[in-house]
Amino acid sequence: QARNLQEGQATTSVTENVHKQPFIIGVAGGAASGKTTVCDMIIEQLHDQRVVLVNQDSFYHNLTPEELTRLLSVVEMLRLWKAVDIPKYDFRSYKNNISRRVNPSDVIILEGILIFHDPRVRDLMNMKIFVDTDADVRLARRIRRDTGEKGRDIGMVLDQYSKFVKPAFDDFILPTKKYADIIIPRGGDNHVAIDLIVQHIRTKLGQHDLCKIYPNLYVIHSTFQI
Ligand code: ADP
């Protein structure tokens with residue numbers, strides 16, 4: 001190894017591996033818990049950084065292995081500092097027929113009710129946030145949205161909530177709360193939590209883990225005991 005370094009080979013592999021590492025955040029929580037609101041607040045406070053928001057809805061509709069592979073490859077590309085096309089879900093046609101180009105960014109936010117579901121997606125995250133808003137608040141927001149802007153009957157909204165929304169939350173979303181590094185009670189109302197999260201992101205962006213940026217640095221350290 002010492003000879004390699006003298007000949008410049010190890011030094012070359014160090015430079016080959018140099019690329020910025022984005023800080024990847026996962027934001028999970030029940031529907032209408034305030035995930036989008038929390039993400040928007042983080043993005044607003046990080047106005048001087050390049051931040052990209054990736055919504056799980058662009059990939060997951062049936063949680064198939066193909067959908068998961070697509071999400072993983074998009075995040076992997078962004079981690080390698082490469083631009084990617086992300087499908088845009090069209091709620092009217094229920095199809096992903098449009099896409100948007102996303103450039104590599106300092107911060108990547110992955111948001112969605114089931115974003116902590118798969119361990120491979122979780123492992124890509126540097127910080128995992130669970131937005132924890134009481135069920136009655138989430139239900140009240142759903143009733144307001146569905147009876148207001150969508151014009152649905154309140155009986156149907158309550159029926160759908162008790163038959164599908166609540167059991168899905170209890171069985172699939174709540175069990176992923178244990179993976180969170182940070183649990184935010186009251187979502188976007190919790191300004192202290194948002195400030196702390198933004199401070200942490202800023203610290204991490206300024207002080208990258210050198211071993212992550214230079215994967216071979218550890219070898220050089222151990223060989224030469226610098
Ligand atoms: P999610 O992304 O988890 O589904 P949203 O952030 O879209 O949740 O919030 C759902 C609805 O609740 C939106 O209409 C939003 O404006 C409203 N909302 C979110 N947070 C608050 C809050 N702290 N106070 C009042 N309304 C809120």
# chains A, B, ... in the order shown; residues from 1 in each chain; ligands from 1
>>> residues_near_ligand(ligand="ligand 1", cutoff="7 Å", atoms="only C-alpha atoms and all ligand atoms", output="list of chain:residue names")
A:Gly29, A:Gly30, A:Ala31, A:Ala32, A:Ser33, A:Gly34, A:Lys35, A:Thr36, A:Thr37, A:Val38, A:Arg141, A:Arg145, A:Arg186, A:Gly187, A:Gly188, A:Asp189
>>> select_by_dssp(residues="stretch 36-192 of chain A", states="strand (DSSP E)", output="PyMOL selection string")
chain A and resi 51-55+84-90+95-102+107-111+127-132+182-185
>>> residues_around(residues="A:Met125", least_positions_apart="2", cutoff="9 Å", atoms="only C-alpha atoms", output="list in words")
Phe23, Ile24, Ile25, Gly26, Leu110, Val121, Arg122, Asp123, Met127 and Lys128 of chain A
>>> residues_around(residues="A:Phe59", least_positions_apart="5", cutoff="8 Å", atoms="only C-alpha atoms", output="ChimeraX atom specification")
/A:67-68,70-71,87
>>> residues_around(residues="stretch 190-196 of chain A", least_positions_apart="4", cutoff="12 Å", atoms="only C-alpha atoms", output="list in words")
Gly34, Lys35, Thr37, Val38, Cys39, Asp40, Met41, Ile42, Ile43, Glu44, Gln45, Leu46, Ile129, Phe130, Val131, Asp132, Thr133, Ile182, Ile183, Ile184, Pro185, Arg186, His200, Ile201, Arg202 and Thr203 of chain A
>>> select_by_dssp(residues="stretch 38-96 of chain A", states="alpha helix (DSSP H)", output="ChimeraX atom specification")
/A:38-45,65-79
>>> atom_distance(atom1="atom CA of A:Val157", atom2="atom CA of A:Lys178")
29.1 Å
>>> residues_around(residues="A:Asp85", least_positions_apart="3", cutoff="8 Å", atoms="only C-alpha atoms", output="VMD selection string")
chain A and resid 74 99 to 102
>>> atom_distance(atom1="atom CA of A:Val84", atom2="atom CA of A:Val52")
11.5 Å
>>> closest_atom_pairs(of="stretch 114-143 of chain A", to="stretch 163-175 of chain A", cutoff="12 Å", atoms="only C-alpha atoms", output="JSON lines")
{"residue": "A:Leu114", "atom": "CA", "partner": "A:Ile173", "partner_atom": "CA", "distance": 6.2}
{"residue": "A:Ile115", "atom": "CA", "partner": "A:Ile173", "partner_atom": "CA", "distance": 9.1}
{"residue": "A:Phe116", "atom": "CA", "partner": "A:Ile173", "partner_atom": "CA", "distance": 8.4}
{"residue": "A:His117", "atom": "CA", "partner": "A:Phe172", "partner_atom": "CA", "distance": 7.9}
{"residue": "A:Asp118", "atom": "CA", "partner": "A:Phe172", "partner_atom": "CA", "distance": 11.3}
{"residue": "A:Phe130", "atom": "CA", "partner": "A:Leu174", "partner_atom": "CA", "distance": 9.4}
{"residue": "A:Val131", "atom": "CA", "partner": "A:Leu174", "partner_atom": "CA", "distance": 10.5}
{"residue": "A:Asp132", "atom": "CA", "partner": "A:Leu174", "partner_atom": "CA", "distance": 9.3}
{"residue": "A:Thr133", "atom": "CA", "partner": "A:Leu174", "partner_atom": "CA", "distance": 11.2}
{"residue": "A:Asp134", "atom": "CA", "partner": "A:Leu174", "partner_atom": "CA", "distance": 11.7}
{"residue": "A:Ala135", "atom": "CA", "partner": "A:Lys166", "partner_atom": "CA", "distance": 8.5}
{"residue": "A:Asp136", "atom": "CA", "partner": "A:Lys166", "partner_atom": "CA", "distance": 10.8}
{"residue": "A:Arg138", "atom": "CA", "partner": "A:Lys166", "partner_atom": "CA", "distance": 10.2}
{"residue": "A:Leu139", "atom": "CA", "partner": "A:Lys166", "partner_atom": "CA", "distance": 9.2}
{"residue": "A:Arg142", "atom": "CA", "partner": "A:Val165", "partner_atom": "CA", "distance": 10.3}
>>> write_last_selection(atoms="C-alpha atoms", output="PDB file, in the first residue's frame")
ATOM      1  CA  LEU A 114     -44.603   4.635   4.203  1.00  0.00           C
ATOM      2  CA  ILE A 115     -41.137   6.040   3.590  1.00  0.00           C
ATOM      3  CA  PHE A 116     -39.689   4.135   6.610  1.00  0.00           C
ATOM      4  CA  HIS A 117     -41.280   0.875   5.473  1.00  0.00           C
ATOM      5  CA  ASP A 118     -38.300  -0.646   3.653  1.00  0.00           C
ATOM      6  CA  PHE A 130     -41.708  11.124  12.313  1.00  0.00           C
ATOM      7  CA  VAL A 131     -44.428  13.768  12.417  1.00  0.00           C
ATOM      8  CA  ASP A 132     -46.661  12.752  15.307  1.00  0.00           C
ATOM      9  CA  THR A 133     -50.025  14.485  15.282  1.00  0.00           C
ATOM     10  CA  ASP A 134     -53.016  13.236  17.267  1.00  0.00           C
ATOM     11  CA  ALA A 135     -55.530  11.085  15.374  1.00  0.00           C
ATOM     12  CA  ASP A 136     -58.424  13.477  16.105  1.00  0.00           C
ATOM     13  CA  ARG A 138     -55.673  14.312  11.495  1.00  0.00           C
ATOM     14  CA  LEU A 139     -59.314  13.220  11.168  1.00  0.00           C
ATOM     15  CA  ARG A 142     -59.410  15.102   6.552  1.00  0.00           C
TER      16      ARG A 142
END
>>> closest_residue(among="A:Gly155, A:Asn126, A:Glu111, A:Arg50", to="A:Asp181", atoms="only C-alpha atoms")
A:Asn126
>>> closest_residue(among="A:Ala28, A:Ile86, A:Met156, A:Leu80", to="A:Gly112", atoms="only C-alpha atoms")
A:Ala28
